[in-house]
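Shown next: target.txt, containing compact mmCIF, C-alpha atoms.
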```txt
# COMPACT_ATOMS: atom_id res chain seq x y z
CA MET A 13 98.25 115.12 90.58
CA GLY A 14 97.47 116.54 94.02
CA ASP A 15 100.05 116.39 96.76
CA VAL A 16 98.11 113.80 98.74
CA SER A 17 98.70 111.14 96.06
CA ARG A 18 102.24 110.01 96.62
CA ILE A 19 102.42 107.57 93.75
CA GLY A 20 101.45 110.07 91.07
CA ARG A 21 103.17 113.04 92.62
CA ARG A 22 106.49 111.53 93.41
CA SER A 23 107.08 110.21 89.92
CA ALA A 24 107.29 113.84 88.78
CA ILE A 25 109.70 115.02 91.44
CA GLY A 26 113.35 115.44 90.48
CA LEU A 27 115.52 115.22 93.55
CA ALA A 28 118.34 117.76 93.47
CA VAL A 29 120.04 117.19 96.80
CA GLN A 30 123.40 115.38 96.80
CA LEU A 31 123.87 112.14 98.74
CA LEU A 32 126.21 112.23 101.74
CA ALA A 33 129.26 109.98 101.73
CA ILE A 34 127.99 106.65 103.05
CA THR A 35 129.32 105.60 106.43
CA ALA A 36 128.53 102.49 108.44
CA LEU A 37 126.35 103.13 111.49
CA ALA A 38 125.11 101.01 114.36
CA VAL A 39 122.99 97.95 113.67
CA ILE A 40 119.24 98.41 114.09
CA THR A 41 118.03 95.93 116.68
CA SER A 42 114.75 97.30 118.00
CA VAL A 43 112.01 99.72 117.13
CA PRO A 44 111.34 102.69 119.42
CA ALA A 45 107.69 103.10 120.27
CA PHE A 46 105.70 105.91 118.71
CA GLY A 47 105.51 108.77 121.19
CA ALA A 48 107.85 111.04 123.10
CA PRO A 49 111.30 111.78 121.63
CA PRO A 50 114.19 109.77 123.05
CA THR A 51 116.71 111.52 125.27
CA ASN A 52 120.32 112.10 124.31
CA LYS A 53 123.39 111.40 126.41
CA THR A 54 122.99 114.64 128.35
CA GLY A 55 119.35 113.90 129.21
CA GLY A 56 117.81 116.48 126.86
CA HIS A 57 115.46 115.75 123.96
CA LYS A 58 116.93 115.29 120.53
CA THR A 59 116.15 118.22 118.27
CA THR A 60 116.40 117.16 114.61
CA PRO A 61 112.86 116.06 113.76
CA THR A 62 112.98 116.13 109.94
CA GLY A 63 113.62 113.30 107.49
CA TYR A 64 112.71 112.10 103.99
CA ASP A 65 110.79 109.33 102.27
CA ILE A 66 111.78 107.84 98.91
CA SER A 67 110.72 104.94 96.71
CA TYR A 68 110.79 103.68 93.12
CA PRO A 69 110.39 107.16 91.48
CA GLN A 70 113.79 108.07 92.92
CA CYS A 71 115.59 105.04 91.45
CA GLY A 72 118.74 106.26 89.70
CA GLU A 73 118.42 109.76 91.19
CA SER A 74 120.49 111.49 93.87
CA PHE A 75 118.95 110.83 97.26
CA PRO A 76 118.25 113.47 99.93
CA SER A 77 120.82 114.05 102.65
CA ASN A 78 121.07 115.42 106.20
CA GLY A 79 117.87 113.72 107.34
CA ALA A 80 117.28 112.47 110.85
CA PHE A 81 115.26 109.51 109.55
CA GLY A 82 114.34 107.83 106.28
CA ILE A 83 111.16 106.04 105.19
CA VAL A 84 111.61 103.69 102.23
CA GLY A 85 108.94 102.24 99.95
CA ILE A 86 108.97 98.47 99.54
CA ASN A 87 106.78 98.45 96.42
CA ASP A 88 106.84 99.73 92.86
CA GLY A 89 103.54 101.60 92.79
CA LEU A 90 101.38 98.49 93.22
CA ALA A 91 100.96 96.24 96.24
CA ASN A 92 102.25 93.21 94.32
CA ASN A 93 105.35 94.83 92.78
CA LEU A 94 108.83 95.20 94.30
CA ASN A 95 110.69 98.52 94.37
CA PRO A 96 113.62 97.70 92.02
CA CYS A 97 116.15 99.78 93.96
CA LEU A 98 115.22 98.69 97.48
CA ALA A 99 118.28 96.43 97.62
CA PRO A 100 121.70 96.62 95.93
CA ASP A 101 121.23 96.05 92.21
CA PRO A 102 123.55 96.43 89.20
CA SER A 103 120.90 98.58 87.51
CA TYR A 104 121.14 101.27 90.19
CA SER A 105 124.15 102.79 91.86
CA GLN A 106 122.53 102.96 95.30
CA SER A 107 120.20 100.91 97.50
CA GLU A 108 117.39 102.99 98.98
CA LEU A 109 117.25 100.78 102.05
CA TYR A 110 120.96 101.30 102.63
CA TRP A 111 120.56 105.05 102.10
CA ALA A 112 118.16 105.24 105.04
CA TYR A 113 120.36 103.03 107.18
CA ALA A 114 123.70 104.68 106.50
CA THR A 115 122.99 108.40 106.04
CA THR A 116 120.36 109.33 108.62
CA SER A 117 121.27 110.54 112.09
CA GLY A 118 118.50 109.04 114.19
CA ASP A 119 118.08 112.29 116.15
CA THR A 120 114.30 112.09 116.37
CA SER A 121 111.38 110.20 117.90
CA GLN A 122 111.20 108.19 114.66
CA PRO A 123 113.62 105.30 114.05
CA LYS A 124 116.42 105.82 111.55
CA VAL A 125 114.81 103.44 109.07
CA SER A 126 111.10 102.85 108.51
CA LEU A 127 109.26 101.20 105.64
CA TYR A 128 106.04 101.84 103.80
CA VAL A 129 104.02 99.44 101.68
CA ASP A 130 101.37 99.99 99.03
CA THR A 131 97.93 98.61 99.80
CA ALA A 132 94.91 97.67 97.68
CA ASP A 133 91.83 95.46 97.59
CA PRO A 134 91.07 94.71 93.92
CA GLY A 135 88.60 91.90 94.59
CA ASN A 136 88.59 88.68 92.61
CA LEU A 137 87.86 90.38 89.25
CA TYR A 138 89.31 93.54 87.73
CA ASP A 139 87.72 94.88 84.53
CA GLY A 140 86.03 91.49 84.19
CA ASP A 141 89.25 89.49 84.33
CA PRO A 142 90.35 87.28 87.26
CA VAL A 143 92.96 88.87 89.53
CA ALA A 144 95.90 86.49 89.22
CA ASP A 145 97.07 86.67 92.83
CA TRP A 146 93.62 86.75 94.47
CA PRO A 147 93.58 83.86 96.97
CA THR A 148 91.45 80.75 96.63
CA SER A 149 92.02 79.34 100.11
CA GLY A 150 92.87 80.36 103.64
CA THR A 151 91.49 80.29 107.18
CA THR A 152 90.84 83.79 108.52
CA PRO A 153 88.93 85.57 111.32
CA TYR A 154 86.20 86.09 108.68
CA GLY A 155 85.93 82.39 107.95
CA THR A 156 87.42 80.31 105.15
CA CYS A 157 88.45 81.78 101.82
CA THR A 158 87.17 79.45 99.11
CA THR A 159 86.53 79.45 95.37
CA MET A 160 83.28 80.64 93.83
CA GLY A 161 82.16 77.03 93.39
CA GLY A 162 81.27 74.82 90.46
CA ALA A 163 83.96 74.65 87.80
CA SER A 164 85.34 78.04 88.83
CA THR A 165 88.84 78.31 90.23
CA ILE A 166 88.40 81.99 91.13
CA GLY A 167 88.46 82.87 94.81
CA GLU A 168 85.29 84.36 96.26
CA ASP A 169 84.93 88.12 96.51
CA SER A 170 84.52 87.90 100.28
CA SER A 171 85.91 89.39 103.47
CA ALA A 172 87.73 86.12 104.13
CA CYS A 173 89.52 86.22 100.78
CA ALA A 174 90.20 89.97 101.13
CA TYR A 175 91.82 89.31 104.51
CA GLN A 176 93.92 86.54 102.99
CA TYR A 177 94.91 88.80 100.09
CA GLY A 178 96.18 91.47 102.48
CA PHE A 179 97.95 88.83 104.56
CA ASN A 180 99.69 87.46 101.47
CA LYS A 181 100.79 90.90 100.24
CA ALA A 182 102.28 91.95 103.59
CA SER A 183 103.98 88.56 104.00
CA GLN A 184 105.62 89.13 100.63
CA ASP A 185 106.66 92.64 101.69
CA ALA A 186 108.29 91.23 104.83
CA SER A 187 110.20 88.65 102.79
CA TRP A 188 111.37 91.36 100.37
CA LEU A 189 112.70 93.39 103.29
CA THR A 190 114.61 90.40 104.64
CA LYS A 191 116.09 89.64 101.23
CA ALA A 192 117.13 93.27 100.65
CA ALA A 193 118.74 93.63 104.07
CA SER A 194 120.53 90.30 103.62
CA ALA A 195 121.95 91.54 100.30
CA ILE A 196 123.28 94.63 102.06
CA ASP A 197 124.81 92.48 104.81
CA SER A 198 126.54 90.21 102.28
CA GLN A 199 128.45 93.04 100.63
CA SER A 200 132.10 93.59 101.40
CA PRO A 201 132.81 95.21 103.75
CA SER A 202 129.76 93.94 105.57
CA ASP A 203 127.29 96.29 107.25
CA PRO A 204 125.20 94.31 109.74
CA MET A 205 121.76 95.70 108.95
CA SER A 206 118.86 93.90 110.63
CA THR A 207 117.10 91.43 108.36
CA VAL A 208 114.23 90.97 110.82
CA PRO A 209 110.93 92.68 109.81
CA GLY A 210 110.15 93.26 113.49
CA SER A 211 113.16 95.60 113.75
CA TYR A 212 111.32 98.27 111.76
CA VAL A 213 108.26 100.49 111.83
CA TRP A 214 105.92 99.77 108.90
CA TRP A 215 103.48 102.23 107.32
CA LEU A 216 100.45 101.13 105.28
CA ASP A 217 100.03 103.53 102.34
CA VAL A 218 96.25 103.85 101.96
CA GLU A 219 95.29 106.07 99.02
CA THR A 220 92.25 106.23 96.76
CA SER A 221 94.54 106.17 93.71
CA ASN A 222 94.99 102.45 94.36
CA THR A 223 92.28 99.86 93.63
CA TRP A 224 89.61 99.40 96.30
CA GLN A 225 86.17 97.91 96.54
CA SER A 226 83.16 100.15 97.07
CA GLY A 227 79.76 100.13 98.74
CA SER A 228 79.06 98.99 102.29
CA SER A 229 80.21 95.42 101.60
CA GLY A 230 83.28 96.78 99.82
CA LEU A 231 84.26 98.87 102.85
CA THR A 232 83.97 95.76 105.02
CA MET A 233 86.26 93.85 102.67
CA ASN A 234 88.75 96.75 102.55
CA VAL A 235 88.89 96.73 106.34
CA ALA A 236 89.48 92.97 106.28
CA ASP A 237 92.25 93.41 103.69
CA LEU A 238 94.14 95.91 105.87
CA GLN A 239 93.60 93.79 108.97
CA GLY A 240 95.16 90.90 107.09
CA MET A 241 98.20 93.02 106.28
CA ILE A 242 98.66 93.97 109.93
CA ALA A 243 98.26 90.34 111.00
CA ALA A 244 100.95 89.26 108.53
CA LEU A 245 103.39 91.88 109.78
CA GLU A 246 102.72 90.85 113.36
CA ALA A 247 103.28 87.22 112.35
CA ASN A 248 106.69 88.37 111.08
CA GLY A 249 107.58 89.88 114.45
CA VAL A 250 106.36 93.46 114.04
CA SER A 251 104.90 94.71 117.30
CA ALA A 252 101.40 96.16 117.56
CA GLY A 253 103.00 99.61 117.97
CA GLY A 254 105.15 99.11 114.89
CA VAL A 255 102.44 99.62 112.26
CA GLY A 256 100.97 102.97 111.19
CA VAL A 257 98.98 104.44 108.30
CA TYR A 258 99.91 106.99 105.62
CA SER A 259 96.70 108.63 104.43
CA THR A 260 94.38 111.60 104.82
CA SER A 261 91.09 111.75 106.64
CA SER A 262 89.08 111.91 103.40
CA GLN A 263 90.94 109.06 101.68
CA TRP A 264 90.81 106.88 104.78
CA SER A 265 87.07 107.35 105.19
CA THR A 266 86.53 106.59 101.47
CA VAL A 267 88.46 103.31 101.72
CA VAL A 268 87.45 101.98 105.16
CA GLY A 269 84.71 104.28 106.50
CA VAL A 270 84.76 105.51 110.09
CA THR A 271 87.31 103.86 112.36
CA THR A 272 86.12 102.88 115.83
CA ALA A 273 87.07 100.31 118.43
CA ALA A 274 84.98 97.85 116.39
CA SER A 275 87.56 98.21 113.58
CA GLY A 276 89.88 95.89 115.48
CA SER A 277 93.56 96.29 114.62
CA LEU A 278 92.89 99.47 112.58
CA TRP A 279 91.75 101.33 115.69
CA GLN A 280 94.24 103.85 117.10
CA LEU A 281 97.04 103.17 114.62
CA PRO A 282 99.56 106.05 114.39
CA ASP A 283 99.01 108.43 111.46
CA TRP A 284 101.44 109.81 108.88
CA ILE A 285 99.64 112.70 107.18
CA PRO A 286 100.61 114.31 103.83
CA GLY A 287 99.32 117.51 102.26
CA ALA A 288 101.63 120.33 103.38
CA ARG A 289 103.83 122.29 100.97
CA THR A 290 106.23 123.67 103.56
CA LEU A 291 107.87 122.51 106.77
CA THR A 292 105.79 125.08 108.64
CA GLY A 293 102.64 123.53 107.19
CA ALA A 294 103.82 120.05 108.14
CA ILE A 295 104.45 121.14 111.73
CA ALA A 296 100.95 122.65 111.87
CA ASN A 297 99.45 119.40 110.56
CA CYS A 298 100.69 117.60 113.67
CA ALA A 299 97.64 119.15 115.34
CA LEU A 300 95.18 117.55 112.91
CA PRO A 301 92.79 114.99 114.39
CA SER A 302 93.76 111.37 113.88
CA PHE A 303 91.61 109.55 111.32
CA THR A 304 92.30 106.23 113.08
CA GLY A 305 91.58 107.46 116.60
CA GLY A 306 95.28 107.28 117.43
CA VAL A 307 97.97 109.96 117.28
CA VAL A 308 99.56 111.90 114.43
CA SER A 309 103.19 110.76 114.54
CA VAL A 310 104.60 112.04 111.23
CA THR A 311 103.56 114.68 108.71
CA GLN A 312 104.84 115.18 105.17
CA TRP A 313 105.53 118.22 103.04
CA THR A 314 106.53 118.35 99.40
CA ALA A 315 109.11 120.71 97.94
CA ARG A 316 111.95 119.36 95.79
CA SER A 317 111.61 116.08 97.65
CA ASP A 318 109.22 114.55 100.14
CA GLY A 319 110.19 115.88 103.55
CA ASP A 320 108.81 114.43 106.76
CA TYR A 321 108.41 115.90 110.23
CA ALA A 322 108.39 113.80 113.42
CA CYS A 323 105.60 115.31 115.53
```
Can you present the structure in this file as structure tokens?
Amino acid sequence: MGDVSRIGRRSAIGLAVQLLAITALAVITSVPAFGAPPTNKTGGHKTTPTGYDISYPQCGESFPSNGAFGIVGINDGLANNLNPCLAPDPSYSQSELYWAYATTSGDTSQPKVSLYVDTADPGNLYDGDPVADWPTSGTTPYGTCTTMGGASTIGEDSSACAYQYGFNKASQDASWLTKAASAIDSQSPSDPMSTVPGSYVWWLDVETSNTWQSGSSGLTMNVADLQGMIAALEANGVSAGGVGVYSTSSQWSTVVGVTTAASGSLWQLPDWIPGARTLTGAIANCALPSFTGGVVSVTQWTARSDGDYAC
């Protein structure tokens, strides 16, 4: 599959780089804002702007090393599934969340640890069958999510229910992060990793390979779905500057249309753009226009593993 589809592509990548010996580092207590690189102790800018992102396809593999930052997937390919090696687990020798916390240097404008979550808007029916976790209630900026009426117990295929669906998925993601970080903290010897969702930057992975609604009404519901996800993260303490989008201009426009100030919380989100095959290409992609009207903060290139460049 093409290099802009992370889910399909990454499952075929065999990571060959050896993991560094894990050492305890400082606790993460706050998220730096997207923007200019932080200064080091001598007053100069830090100069190691490359990192890696990993998720469920790398479970049981050797993880990349020598990165300045790490971005870890919360999900297992679908918005309602948990990455099985996010936290310490007997099935896997390493926790991906702990990898990002303990082996990255932090010498970049990006925080040492960021997270990304899968997104989708399946609607209330998929292939004619009810979507099991589609909501049937909820008060939203789009009104009340209700059932279809009559004897039906299926939630309406509406912007209100789409918003609630996104809110529910991101709330679950936040709880999974807290549980994973708590499991890391409870190990002996303890490493005090922050369990607070607001201590991290979160990226919404918006790709056409996931399930989305179509047509003008579908685009409106997709927008509502993503707005619900952002609202849930903010309700869990994530700042407005702590949410960005992983996508491409073409995929973003297919899913949500054109982003303007009328798009509410989707307007001017930071971008993480894939598509390059070399570090040089990733650096060049920092100059691409933002599909959200914001800034391009991170770009990705794919070689033996998914490398990322902090613009």
Q: Could you check how far CA of Gly167 in chain A sits from CA of Pro142 in chain A, in Å to one decimal?
A: 8.9 Å
Q. Looking at A:Ala315, A:Ala174, A:Val267, A:Val125, which one is nearest to Pro147 in chain A, with distances taken over all atoms listed in the file?
A.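 Going through A:Ala315, A:Ala174, A:Val267, A:Val125 one by one, the smallest distance to Pro147 in chain A is for A:Ala174.
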Q: Between A:Thr223, A:Thr292, A:Thr207, A:Asn234, single out the one closest to Ala192 in chain A, counting all atoms listed in the file.
A: A:Thr207
Please report, as a Markdown table, each residue of range 66-179 of chain A lying at most 10 Å from range 247-262 of chain A, together with the nearest pair of atoms and the separation in Å rounded to one decimal; use all atoms listed in the file, and order rows by chain and ascending residue number.
```
| residue | atom | partner | partner_atom | distance |
| --- | --- | --- | --- | --- |
| A:Ser126 | CA | A:Gly254 | CA | 9.5 |
| A:Leu127 | CA | A:Val255 | CA | 9.6 |
| A:Tyr128 | CA | A:Tyr258 | CA | 8.2 |
| A:Val129 | CA | A:Tyr258 | CA | 9.5 |
| A:Asp130 | CA | A:Tyr258 | CA | 9.7 |
| A:Phe179 | CA | A:Ala247 | CA | 9.6 |
```
Q: For CA of Ser183 in chain A and CA of Gly150 in chain A, quote the distance in Å rounded to one decimal.
A: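 Distance reported for this atom pair: 13.8 Å.
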Using 12 Å as the limit and counting all atoms listed in the file, can you tabulate each residue of range 119-223 of chain A that touches range 84-93 of chain A, with its shortest atom-to-atom distance in Å and the two atoms involved, as CSV?
```
residue,atom,partner,partner_atom,distance
A:Lys124,CA,A:Val84,CA,10.7
A:Val125,CA,A:Val84,CA,7.6
A:Ser126,CA,A:Val84,CA,6.4
A:Leu127,CA,A:Val84,CA,4.8
A:Tyr128,CA,A:Gly85,CA,4.8
A:Val129,CA,A:Ile86,CA,5.5
A:Asp130,CA,A:Ala91,CA,4.7
A:Thr131,CA,A:Ala91,CA,5.2
A:Ala132,CA,A:Ala91,CA,6.4
A:Asp133,CA,A:Ala91,CA,9.3
A:Pro134,CA,A:Ala91,CA,10.3
A:Val143,CA,A:Asn92,CA,11.3
A:Ala144,CA,A:Asn92,CA,10.6
A:Asp145,CA,A:Asn92,CA,8.5
A:Trp146,CA,A:Asn92,CA,10.8
A:Tyr177,CA,A:Asn92,CA,10.3
A:Gly178,CA,A:Ala91,CA,9.2
A:Phe179,CA,A:Ala91,CA,11.5
A:Asn180,CA,A:Asn92,CA,9.5
A:Lys181,CA,A:Asn92,CA,6.5
A:Ala182,CA,A:Ala91,CA,8.6
A:Ser183,CA,A:Asn92,CA,10.9
A:Gln184,CA,A:Asn92,CA,8.2
A:Asp185,CA,A:Ile86,CA,6.6
A:Ala186,CA,A:Ile86,CA,9.0
A:Ser187,CA,A:Ile86,CA,10.4
A:Trp188,CA,A:Ile86,CA,7.5
A:Leu189,CA,A:Ile86,CA,7.3
A:Thr190,CA,A:Ile86,CA,11.1
A:Lys191,CA,A:Ile86,CA,11.5
A:Ala192,CA,A:Ile86,CA,9.7
A:Ala193,CA,A:Ile86,CA,11.8
A:Pro209,CA,A:Ile86,CA,12.0
A:Tyr212,CA,A:Val84,CA,11.0
A:Val213,CA,A:Val84,CA,10.7
A:Trp214,CA,A:Val84,CA,9.6
A:Trp215,CA,A:Gly85,CA,9.2
A:Leu216,CA,A:Gly85,CA,10.1
A:Asp217,CA,A:Gly85,CA,9.3
A:Val218,CA,A:Ala91,CA,10.6
A:Glu219,CA,A:Gly89,CA,11.3
A:Ser221,CA,A:Gly89,CA,10.1
A:Asn222,CA,A:Leu90,CA,7.6
A:Thr223,CA,A:Leu90,CA,9.2
```
Q: Name all residues at most 8 Å from Ile66 in chain A (count only C-alpha atoms; drop same-chain ones fewer than 6 positions away) and give them as a PyMOL selection string.
A: chain A and resi 75+82-85+108+318
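Across the model, the gap from CA of Gly319 in chain A to CA of Asn297 in chain A is 13.3 Å.
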**Q.** Using all atoms listed in the file: which of A:Pro204, A:Gly140, A:Ser265, A:Gln239 has the shortest distance to Thr220 in chain A
**A.**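 The closest residue to Thr220 in chain A is A:Ser265.
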Q: May I ask which of the residues A:Asp101, A:Asp169, A:Glu246, A:Asp119 is the closest one to Phe81 in chain A, counting only C-alpha atoms?
A: A:Asp119
Around all the atoms of range 239-252 of chain A listed in the file, draw an axis-aligned box and extend it by 4 Å on each of the six sides; I want its centre and edge lengths in Å to one decimal, as AutoDock Vina command-line options.
```
--center_x 100.6 --center_y 91.7 --center_z 111.9 --size_x 22.0 --size_y 16.9 --size_z 19.3
```
